$ cat data-v9.cif   # mmCIF, C-alpha atoms
data_data
loop_
_atom_site.label_atom_id
_atom_site.label_comp_id
_atom_site.auth_asym_id
_atom_site.auth_seq_id
_atom_site.Cartn_x
_atom_site.Cartn_y
_atom_site.Cartn_z
CA MET A 1 120.13 82.47 11.73
CA ASN A 2 120.56 80.23 8.76
CA THR A 3 120.10 82.62 5.83
CA SER A 4 118.77 79.82 3.65
CA ASN A 5 115.72 79.51 5.96
CA LEU A 6 115.09 83.24 5.60
CA LEU A 7 115.39 83.09 1.82
CA ARG A 8 113.13 80.01 1.65
CA ALA A 9 110.50 81.82 3.73
CA CYS A 10 110.63 84.83 1.42
CA GLU A 11 110.41 82.55 -1.61
CA ILE A 12 107.28 80.85 -0.25
CA LEU A 13 105.58 84.22 0.03
CA GLY A 14 106.95 85.36 -3.33
CA ASP A 15 104.55 87.91 -4.78
CA LYS A 16 101.58 86.77 -2.70
CA THR A 17 99.72 89.63 -1.07
CA PRO A 18 96.71 89.85 1.25
CA MET A 19 94.39 90.46 -1.70
CA LEU A 20 94.36 89.39 -5.31
CA THR A 21 94.66 93.08 -6.22
CA ASP A 22 96.99 95.77 -4.88
CA CYS A 23 95.69 96.42 -1.37
CA GLY A 24 97.84 99.56 -1.20
CA LEU A 25 95.31 101.25 -3.46
CA LEU A 26 92.75 101.07 -0.63
CA CYS A 27 94.83 102.93 1.93
CA GLY A 28 97.46 104.82 -0.03
CA ALA A 29 100.05 102.20 0.94
CA ALA A 30 99.81 103.29 4.57
CA CYS A 31 102.02 100.43 5.77
CA CYS A 32 104.82 101.74 3.56
CA GLN A 33 104.75 105.26 5.00
CA PRO A 34 105.92 106.70 8.30
CA ASP A 35 103.21 108.26 10.44
CA GLU A 36 102.92 111.99 11.08
CA ASP A 37 105.59 111.71 13.81
CA GLY A 38 108.01 110.00 11.43
CA GLN A 39 107.51 106.70 13.22
CA GLY A 40 106.82 103.37 11.63
CA GLY A 41 108.83 100.63 10.12
CA VAL A 42 109.15 96.89 10.25
CA TYR A 43 111.14 94.63 12.53
CA LEU A 44 113.80 92.69 10.69
CA PHE A 45 114.02 88.94 11.07
CA PRO A 46 117.44 87.53 11.99
CA GLY A 47 119.75 87.84 8.99
CA GLU A 48 117.74 90.55 7.21
CA ARG A 49 119.87 93.42 8.52
CA GLU A 50 122.78 92.14 6.46
CA LEU A 51 120.62 91.57 3.38
CA LEU A 52 119.19 95.12 3.55
CA ALA A 53 122.31 96.99 4.64
CA LYS A 54 122.70 98.66 1.26
CA CYS A 55 119.10 99.37 0.31
CA ASP A 56 118.56 102.86 -1.04
CA TRP A 57 114.90 103.13 0.02
CA GLY A 58 115.31 102.95 3.78
CA TRP A 59 117.65 102.66 6.71
CA VAL A 60 118.11 100.24 9.58
CA GLN A 61 118.04 101.38 13.19
CA SER A 62 117.95 99.68 16.57
CA ALA A 63 114.55 99.12 18.14
CA ASP A 64 112.90 97.14 20.96
CA PHE A 65 114.07 93.59 20.43
CA ALA A 66 115.31 93.61 16.85
CA PRO A 67 116.61 96.05 14.24
CA MET A 68 113.91 97.91 12.37
CA LEU A 69 113.83 99.07 8.76
CA ARG A 70 112.47 102.59 8.35
CA CYS A 71 111.38 103.29 4.80
CA ASP A 72 111.75 106.47 2.76
CA GLY A 73 109.19 105.44 0.20
CA PRO A 74 108.53 102.67 -2.30
CA CYS A 75 110.85 99.71 -1.93
CA ASP A 76 112.31 97.15 -4.24
CA ARG A 77 109.45 94.68 -3.69
CA ALA A 78 111.66 91.71 -4.49
CA ARG A 79 113.86 92.69 -1.52
CA ARG A 80 111.20 93.78 0.99
CA PRO A 81 111.55 92.36 4.49
CA LEU A 82 109.63 89.31 5.63
CA GLY A 83 107.66 91.43 8.11
CA CYS A 84 106.33 93.46 5.18
CA ARG A 85 105.53 90.33 3.24
CA ILE A 86 103.33 88.90 6.02
CA PHE A 87 101.59 92.18 6.99
CA PRO A 88 98.86 92.54 8.34
CA LEU A 89 99.44 89.13 9.94
CA THR A 90 101.50 88.29 13.00
CA PRO A 91 102.93 85.03 14.34
CA VAL A 92 101.04 83.10 17.01
CA ARG A 93 101.35 79.56 18.35
CA GLY A 94 98.43 77.38 17.46
CA LYS A 95 96.80 74.96 19.89
CA ASN A 96 98.93 72.22 18.35
CA GLY A 97 102.11 74.12 19.33
CA LYS A 98 103.00 75.00 15.74
CA TRP A 99 103.36 78.55 14.52
CA THR A 100 100.47 80.01 12.61
CA VAL A 101 99.19 83.52 11.95
CA ARG A 102 96.45 85.91 13.02
CA MET A 103 95.65 89.56 12.37
CA ASP A 104 98.18 91.86 14.01
CA VAL A 105 96.31 94.13 16.41
CA ARG A 106 98.80 96.92 15.61
CA ALA A 107 97.67 96.86 11.98
CA ARG A 108 94.21 98.14 12.89
CA ALA A 109 95.43 101.73 12.90
CA MET A 110 96.46 101.67 9.25
CA CYS A 111 95.14 98.63 7.41
CA PRO A 112 91.50 98.58 6.28
CA LEU A 113 91.77 94.82 5.69
CA THR A 114 91.77 94.16 9.43
CA ALA A 115 88.04 94.98 9.57
CA SER A 116 87.27 91.80 7.61
CA GLY A 117 89.55 89.63 9.73
CA ILE A 118 91.80 86.88 8.49
CA GLY A 119 88.87 85.36 6.54
CA GLY A 120 88.86 88.43 4.31
CA LEU A 121 92.41 87.77 3.10
CA ASP A 122 93.48 85.63 0.17
CA PRO A 123 93.73 82.07 1.62
CA ALA A 124 96.88 81.39 -0.44
CA PHE A 125 98.54 84.40 1.20
CA VAL A 126 97.53 83.24 4.69
CA ARG A 127 98.87 79.71 4.04
CA ALA A 128 102.13 81.07 2.61
CA ALA A 129 102.64 83.38 5.61
CA ARG A 130 102.02 80.49 8.01
CA ASP A 131 104.37 78.19 6.12
CA ALA A 132 107.06 80.89 5.95
CA LEU A 133 106.95 81.38 9.72
CA ARG A 134 107.23 77.65 10.30
CA ILE A 135 110.42 77.64 8.23
CA ILE A 136 111.77 80.53 10.30
CA ALA A 137 110.95 78.55 13.48
CA GLU A 138 113.10 75.63 12.29
CA ASP A 139 116.15 77.69 13.29
CA PRO A 140 116.63 78.34 17.05
CA GLU A 141 117.38 82.02 16.46
CA GLY A 142 114.29 82.29 14.27
CA GLU A 143 112.18 80.55 16.91
CA SER A 144 113.43 82.99 19.56
CA PHE A 145 112.63 85.94 17.30
CA LEU A 146 109.06 84.69 16.74
CA GLU A 147 108.60 84.28 20.51
CA LYS A 148 109.75 87.88 21.10
CA TRP A 149 107.61 89.28 18.27
CA HIS A 150 104.59 87.40 19.62
CA ALA A 151 105.22 88.65 23.18
CA LEU A 152 105.42 92.25 21.94
CA GLU A 153 102.20 91.92 19.96
CA GLU A 154 100.49 90.39 23.04
CA GLU A 155 101.31 93.57 24.97
CA TYR A 156 99.19 95.51 22.50
CA ARG A 157 96.29 93.13 23.07
CA LYS A 158 96.10 93.86 26.80
CA PRO A 159 93.28 96.10 27.98
CA LEU A 160 94.32 99.63 28.88
CA TRP A 161 92.58 99.33 32.27
#
$ encode --input "data-v9.cif" --output "structure tokens"
Amino acid sequence: MNTSNLLRACEILGDKTPMLTDCGLLCGAACCQPDEDGQGGVYLFPGERELLAKCDWGWVQSADFAPMLRCDGPCDRARRPLGCRIFPLTPVRGKNGKWTVRMDVRARAMCPLTASGIGGLDPAFVRAARDALRIIAEDPEGESFLEKWHALEEEYRKPLW
């Protein structure tokens, strides 16, 4: 993927977060911690593996459809992956065919913000996440990644029976 698209997407999000205050204070930064089984992490967008290869706060391992960063604790926020920057949102195609965002169903287990829905998030954060994903989609590899991420998240939305 064109690294400049990835960097532009990260720049759009900048320091924007789901709330105007530190949402990690509500949940003890649950999204930054592995669960009791040592699981958890964030899928890396194309090109991020190379950018994070030498981070000292986590490690990269293979996962379902993309490499995943597993964290050991607090990160260098300026270098955090795009998946962390958009959490608790996930990519989805809008009715107009363009990429937009919605609450990630997988976030329900750890993020208290999901109870309020997307309307409970800072609108500037939601717009920035949407715009960042549209930049990612400009690159064919980025578009393919978004399709795979979306398909995986859709699996979690299916009823159990």
$ resolve_selection --input "data-v9.cif" --expression "the PyMOL selection byres ((chain A and resi 84) around 10)" --output "PDB file with C-alpha atoms, in the frame of the given file"
ATOM      1  CA  THR A  17      99.720  89.630  -1.070  1.00  0.00           C
ATOM      2  CA  CYS A  31     102.020 100.430   5.770  1.00  0.00           C
ATOM      3  CA  CYS A  32     104.820 101.740   3.560  1.00  0.00           C
ATOM      4  CA  GLY A  41     108.830 100.630  10.120  1.00  0.00           C
ATOM      5  CA  VAL A  42     109.150  96.890  10.250  1.00  0.00           C
ATOM      6  CA  TYR A  43     111.140  94.630  12.530  1.00  0.00           C
ATOM      7  CA  LEU A  44     113.800  92.690  10.690  1.00  0.00           C
ATOM      8  CA  ARG A  77     109.450  94.680  -3.690  1.00  0.00           C
ATOM      9  CA  ARG A  80     111.200  93.780   0.990  1.00  0.00           C
ATOM     10  CA  PRO A  81     111.550  92.360   4.490  1.00  0.00           C
ATOM     11  CA  LEU A  82     109.630  89.310   5.630  1.00  0.00           C
ATOM     12  CA  GLY A  83     107.660  91.430   8.110  1.00  0.00           C
ATOM     13  CA  ARG A  85     105.530  90.330   3.240  1.00  0.00           C
ATOM     14  CA  ILE A  86     103.330  88.900   6.020  1.00  0.00           C
ATOM     15  CA  PHE A  87     101.590  92.180   6.990  1.00  0.00           C
ATOM     16  CA  PRO A  88      98.860  92.540   8.340  1.00  0.00           C
ATOM     17  CA  LEU A  89      99.440  89.130   9.940  1.00  0.00           C
TER      18      LEU A  89
END
$ closest_residue --input "data-v9.cif" --among "A:Ala63, A:Cys71, A:Ala78, A:Met110" --to "Gly28 of chain A" --atoms "only C-alpha atoms"
A:Met110
$ atom_distance --input "data-v9.cif" --atom1 "atom CA of Phe145 of chain A" --atom2 "atom CA of Cys23 of chain A"
27.3 Å
$ resolve_selection --input "data-v9.cif" --expression "the PyMOL selection byres ((chain A and resi 152) around 12)" --output "number ranges by chain"
A: 43, 64-66, 90-92, 104-106, 145-151, 153-158
$ atom_distance --input "data-v9.cif" --atom1 "atom CA of Met19 of chain A" --atom2 "atom CA of Asp122 of chain A"
5.3 Å
$ closest_residue --input "data-v9.cif" --among "A:Ile135, A:Met68, A:Ala9, A:Met103" --to "Leu121 of chain A" --atoms "all atoms listed in the file"
A:Met103
$ build_atoms --input "data-v9.cif" --residues "segment 51-84 of chain A" --atoms "N, CA and C atoms" --output "mmCIF file, in the coordinates of the input"
data_model
loop_
_atom_site.group_PDB
_atom_site.id
_atom_site.type_symbol
_atom_site.label_atom_id
_atom_site.label_comp_id
_atom_site.auth_asym_id
_atom_site.auth_seq_id
_atom_site.Cartn_x
_atom_site.Cartn_y
_atom_site.Cartn_z
ATOM 1 N N LEU A 51 121.152 91.585 4.747
ATOM 2 C CA LEU A 51 120.620 91.570 3.380
ATOM 3 C C LEU A 51 120.151 92.960 2.938
ATOM 4 N N LEU A 52 119.745 93.801 3.891
ATOM 5 C CA LEU A 52 119.190 95.120 3.550
ATOM 6 C C LEU A 52 120.140 96.267 3.872
ATOM 7 N N ALA A 53 121.363 95.947 4.228
ATOM 8 C CA ALA A 53 122.310 96.990 4.640
ATOM 9 C C ALA A 53 122.523 98.055 3.576
ATOM 10 N N LYS A 54 122.415 97.703 2.329
ATOM 11 C CA LYS A 54 122.700 98.660 1.260
ATOM 12 C C LYS A 54 121.462 99.037 0.450
ATOM 13 N N CYS A 55 120.281 98.963 1.068
ATOM 14 C CA CYS A 55 119.100 99.370 0.310
ATOM 15 C C CYS A 55 119.058 100.889 0.242
ATOM 16 N N ASP A 56 118.581 101.412 -0.861
ATOM 17 C CA ASP A 56 118.560 102.860 -1.040
ATOM 18 C C ASP A 56 117.173 103.446 -0.776
ATOM 19 N N TRP A 57 116.250 102.664 -0.239
ATOM 20 C CA TRP A 57 114.900 103.130 0.020
ATOM 21 C C TRP A 57 114.550 103.103 1.502
ATOM 22 N N GLY A 58 115.550 102.940 2.351
ATOM 23 C CA GLY A 58 115.310 102.950 3.780
ATOM 24 C C GLY A 58 116.598 102.821 4.551
ATOM 25 N N TRP A 59 116.480 102.813 5.868
ATOM 26 C CA TRP A 59 117.650 102.660 6.710
ATOM 27 C C TRP A 59 117.288 101.783 7.896
ATOM 28 N N VAL A 60 118.302 101.144 8.462
ATOM 29 C CA VAL A 60 118.110 100.240 9.580
ATOM 30 C C VAL A 60 118.522 100.951 10.869
ATOM 31 N N GLN A 61 117.700 100.813 11.882
ATOM 32 C CA GLN A 61 118.040 101.380 13.190
ATOM 33 C C GLN A 61 117.679 100.386 14.271
ATOM 34 N N SER A 62 118.261 100.550 15.435
ATOM 35 C CA SER A 62 117.950 99.680 16.570
ATOM 36 C C SER A 62 116.564 99.984 17.078
ATOM 37 N N ALA A 63 115.894 98.960 17.582
ATOM 38 C CA ALA A 63 114.550 99.120 18.140
ATOM 39 C C ALA A 63 114.396 98.128 19.296
ATOM 40 N N ASP A 64 113.192 97.960 19.774
ATOM 41 C CA ASP A 64 112.900 97.140 20.960
ATOM 42 C C ASP A 64 113.750 95.876 21.056
ATOM 43 N N PHE A 65 113.406 94.894 20.313
ATOM 44 C CA PHE A 65 114.070 93.590 20.430
ATOM 45 C C PHE A 65 114.824 93.187 19.173
ATOM 46 N N ALA A 66 114.682 93.957 18.122
ATOM 47 C CA ALA A 66 115.310 93.610 16.850
ATOM 48 C C ALA A 66 115.543 94.898 16.056
ATOM 49 N N PRO A 67 116.464 94.866 15.099
ATOM 50 C CA PRO A 67 116.610 96.050 14.240
ATOM 51 C C PRO A 67 115.313 96.290 13.467
ATOM 52 N N MET A 68 115.113 97.530 13.089
ATOM 53 C CA MET A 68 113.910 97.910 12.370
ATOM 54 C C MET A 68 114.310 98.663 11.105
ATOM 55 N N LEU A 69 113.637 98.346 10.016
ATOM 56 C CA LEU A 69 113.830 99.070 8.760
ATOM 57 C C LEU A 69 112.819 100.193 8.707
ATOM 58 N N ARG A 70 113.311 101.401 8.540
ATOM 59 C CA ARG A 70 112.470 102.590 8.350
ATOM 60 C C ARG A 70 112.552 102.933 6.865
ATOM 61 N N CYS A 71 111.412 103.092 6.245
ATOM 62 C CA CYS A 71 111.380 103.290 4.800
ATOM 63 C C CYS A 71 111.238 104.768 4.427
ATOM 64 N N ASP A 72 111.855 105.124 3.317
ATOM 65 C CA ASP A 72 111.750 106.470 2.760
ATOM 66 C C ASP A 72 110.716 106.553 1.655
ATOM 67 N N GLY A 73 110.150 105.444 1.289
ATOM 68 C CA GLY A 73 109.190 105.440 0.200
ATOM 69 C C GLY A 73 109.118 104.062 -0.418
ATOM 70 N N PRO A 74 108.685 103.972 -1.656
ATOM 71 C CA PRO A 74 108.530 102.670 -2.300
ATOM 72 C C PRO A 74 109.831 101.864 -2.295
ATOM 73 N N CYS A 75 109.683 100.589 -2.004
ATOM 74 C CA CYS A 75 110.850 99.710 -1.930
ATOM 75 C C CYS A 75 111.011 98.901 -3.207
ATOM 76 N N ASP A 76 112.107 98.182 -3.233
ATOM 77 C CA ASP A 76 112.310 97.150 -4.240
ATOM 78 C C ASP A 76 111.530 95.942 -3.714
ATOM 79 N N ARG A 77 110.336 95.711 -4.243
ATOM 80 C CA ARG A 77 109.450 94.680 -3.690
ATOM 81 C C ARG A 77 110.089 93.304 -3.620
ATOM 82 N N ALA A 78 110.990 93.013 -4.512
ATOM 83 C CA ALA A 78 111.660 91.710 -4.490
ATOM 84 C C ALA A 78 112.584 91.589 -3.275
ATOM 85 N N ARG A 79 112.949 92.712 -2.670
ATOM 86 C CA ARG A 79 113.860 92.690 -1.520
ATOM 87 C C ARG A 79 113.172 93.118 -0.216
ATOM 88 N N ARG A 80 111.861 93.292 -0.224
ATOM 89 C CA ARG A 80 111.200 93.780 0.990
ATOM 90 C C ARG A 80 111.326 92.754 2.111
ATOM 91 N N PRO A 81 111.375 93.251 3.334
ATOM 92 C CA PRO A 81 111.550 92.360 4.490
ATOM 93 C C PRO A 81 110.374 91.403 4.676
ATOM 94 N N LEU A 82 110.651 90.322 5.371
ATOM 95 C CA LEU A 82 109.630 89.310 5.630
ATOM 96 C C LEU A 82 108.460 89.893 6.423
ATOM 97 N N GLY A 83 108.736 90.800 7.354
ATOM 98 C CA GLY A 83 107.660 91.430 8.110
ATOM 99 C C GLY A 83 106.689 92.185 7.215
ATOM 100 N N CYS A 84 107.197 92.786 6.149
ATOM 101 C CA CYS A 84 106.330 93.460 5.180
ATOM 102 C C CYS A 84 105.536 92.441 4.374
#
